[in-house]
$ cat structure17.pdb   # PDB, C-alpha atoms
ATOM      1  CA  MET A   1     152.018 123.324  99.177
ATOM      2  CA  ARG A   2     149.780 124.899 101.813
ATOM      3  CA  LYS A   3     146.261 125.978 101.079
ATOM      4  CA  GLN A   4     145.463 129.551 101.995
ATOM      5  CA  ARG A   5     142.126 130.212 103.575
ATOM      6  CA  ASN A   6     140.178 133.181 102.414
ATOM      7  CA  THR A   7     138.641 134.751 105.510
ATOM      8  CA  MET A   8     136.197 136.856 103.491
ATOM      9  CA  ALA A   9     134.762 133.784 101.812
ATOM     10  CA  ASN A  10     134.360 132.027 105.158
ATOM     11  CA  SER A  11     132.656 134.919 106.930
ATOM     12  CA  LYS A  12     128.895 134.824 107.104
ATOM     13  CA  LYS A  13     126.770 137.811 106.184
ATOM     14  CA  ILE A  14     123.577 138.818 107.949
ATOM     15  CA  LYS A  15     120.897 140.263 105.680
ATOM     16  CA  ARG A  16     118.829 142.955 107.352
ATOM     17  CA  VAL A  17     115.689 144.263 105.670
ATOM     18  CA  TYR A  18     114.323 147.743 106.377
ATOM     19  CA  ILE A  19     111.233 149.504 105.051
ATOM     20  CA  CYS A  20     112.250 152.315 102.708
ATOM     21  CA  PRO A  21     111.788 155.640 104.548
ATOM     22  CA  THR A  22     111.410 157.587 101.295
ATOM     23  CA  CYS A  23     108.387 155.757  99.865
ATOM     24  CA  ARG A  24     107.302 154.145 103.182
ATOM     25  CA  GLY A  25     107.295 150.679 101.618
ATOM     26  CA  ASN A  26     105.107 151.509  98.595
ATOM     27  CA  GLY A  27     107.840 151.509  95.961
ATOM     28  CA  TYR A  28     106.512 154.727  94.434
ATOM     29  CA  LEU A  29     106.010 158.376  95.349
ATOM     30  CA  LYS A  30     102.949 160.537  94.750
ATOM     31  CA  PHE A  31     103.284 164.239  94.052
ATOM     32  CA  ASN A  32     100.529 166.819  93.736
ATOM     33  CA  THR A  33     100.998 169.446  91.060
ATOM     34  CA  ILE A  34     100.552 173.130  91.725
ATOM     35  CA  LEU A  35      98.674 173.712  88.470
ATOM     36  CA  GLY A  36      95.796 171.345  89.057
ATOM     37  CA  PRO A  37      94.340 168.461  91.036
ATOM     38  CA  GLU A  38      96.441 165.885  89.141
ATOM     39  CA  GLU A  39      98.706 163.427  90.919
ATOM     40  CA  PHE A  40     102.117 162.670  89.523
ATOM     41  CA  ILE A  41     103.477 159.194  90.344
ATOM     42  CA  GLU A  42     107.208 158.455  90.281
ATOM     43  CA  GLN A  43     109.107 155.256  91.095
ATOM     44  CA  CYS A  44     111.277 155.316  94.208
ATOM     45  CA  HIS A  45     114.947 155.289  93.262
ATOM     46  CA  ASP A  46     116.229 154.750  96.804
ATOM     47  CA  CYS A  47     114.854 151.199  96.996
ATOM     48  CA  ASP A  48     114.543 150.505  93.228
ATOM     49  CA  SER A  49     110.733 150.335  93.583
ATOM     50  CA  GLN A  50     110.982 147.351  95.965
ATOM     51  CA  GLY A  51     109.779 149.119  99.112
ATOM     52  CA  GLU A  52     112.626 147.586 101.112
ATOM     53  CA  ILE A  53     116.277 148.451 101.656
ATOM     54  CA  TYR A  54     118.746 145.620 102.255
ATOM     55  CA  ASP A  55     121.788 145.912 104.483
ATOM     56  CA  TYR A  56     124.432 143.206 104.730
ATOM     57  CA  GLU A  57     126.566 142.948 107.871
ATOM     58  CA  ASP A  58     129.278 140.529 108.896
ATOM     59  CA  GLU A  59     128.166 138.009 111.477
ATOM     60  CA  GLU A  60     129.897 138.623 114.767
ATOM     61  CA  ASP A  61     131.221 135.997 117.109
ATOM     62  CA  ASN A  62     128.607 135.719 119.842
ATOM     63  CA  SER A  63     130.635 133.451 122.105
ATOM     64  CA  PHE A  64     130.125 135.882 124.969
ATOM     65  CA  VAL A  65     127.350 138.296 125.711
ATOM     66  CA  ASP A  66     127.978 141.829 126.908
ATOM     67  CA  THR A  67     125.930 141.884 130.051
ATOM     68  CA  PRO A  68     126.180 144.730 132.489
ATOM     69  CA  ILE A  69     127.880 143.867 135.728
ATOM     70  CA  TYR A  70     126.063 145.248 138.727
ATOM     71  CA  SER A  71     127.873 145.666 141.990
ATOM     72  CA  VAL A  72     126.504 146.541 145.357
ATOM     73  CA  HIS A  73     128.465 149.251 147.184
TER      74      HIS A  73
END
$ encode --input "structure17.pdb" --output "structure tokens"
Amino acid sequence: MRKQRNTMANSKKIKRVYICPTCRGNGYLKFNTILGPEEFIEQCHDCDSQGEIYDYEDEEDNSFVDTPIYSVH
């Protein structure tokens, strides 16, 4: 019986971390009310109040590098 290899399990993921553009890394948002000088604070739901957004990408095979080829005419 042959063993089947799962290519998804063998692929490596790259974790990229970005600062949340909505709350600018604070994890919360401040709003001013029209009725008075009070500030209203709300948690950021885009980053779950972490201040960072995570993106996972598959690791690519970097066996060759795409370098521009310059030629002299």
$ residues_around --input "structure17.pdb" --residues "A:Pro21" --least-positions-apart "4" --cutoff "10 Å" --atoms "all atoms listed in the file" --output "number ranges by chain"
A: 25-26, 46-47, 51-53
$ atom_distance --input "structure17.pdb" --atom1 "atom CA of A:Arg24" --atom2 "atom CA of A:Gly36"
25.1 Å
$ closest_residue --input "structure17.pdb" --among "A:Asn32, A:Pro37, A:Ile14, A:Cys23" --to "A:Gln50" --atoms "all atoms listed in the file"
A:Cys23
$ atom_distance --input "structure17.pdb" --atom1 "atom CA of A:Ile41" --atom2 "atom CA of A:Tyr28"
6.8 Å
$ residues_around --input "structure17.pdb" --residues "A:Gln43" --least-positions-apart "6" --cutoff "8 Å" --atoms "only C-alpha atoms" --output "list in words"
Gly27, Tyr28, Leu29 and Ser49 of chain A
$ write_last_selection --input "structure17.pdb" --atoms "C-alpha atoms" --output "CSV table (one decimal), keeping the file's coordinate frame"
chain,number,residue,atom,x,y,z
A,27,GLY,CA,107.8,151.5,96.0
A,28,TYR,CA,106.5,154.7,94.4
A,29,LEU,CA,106.0,158.4,95.3
A,49,SER,CA,110.7,150.3,93.6
$ atom_distance --input "structure17.pdb" --atom1 "atom CA of A:Tyr54" --atom2 "atom CA of A:Lys30"
23.0 Å
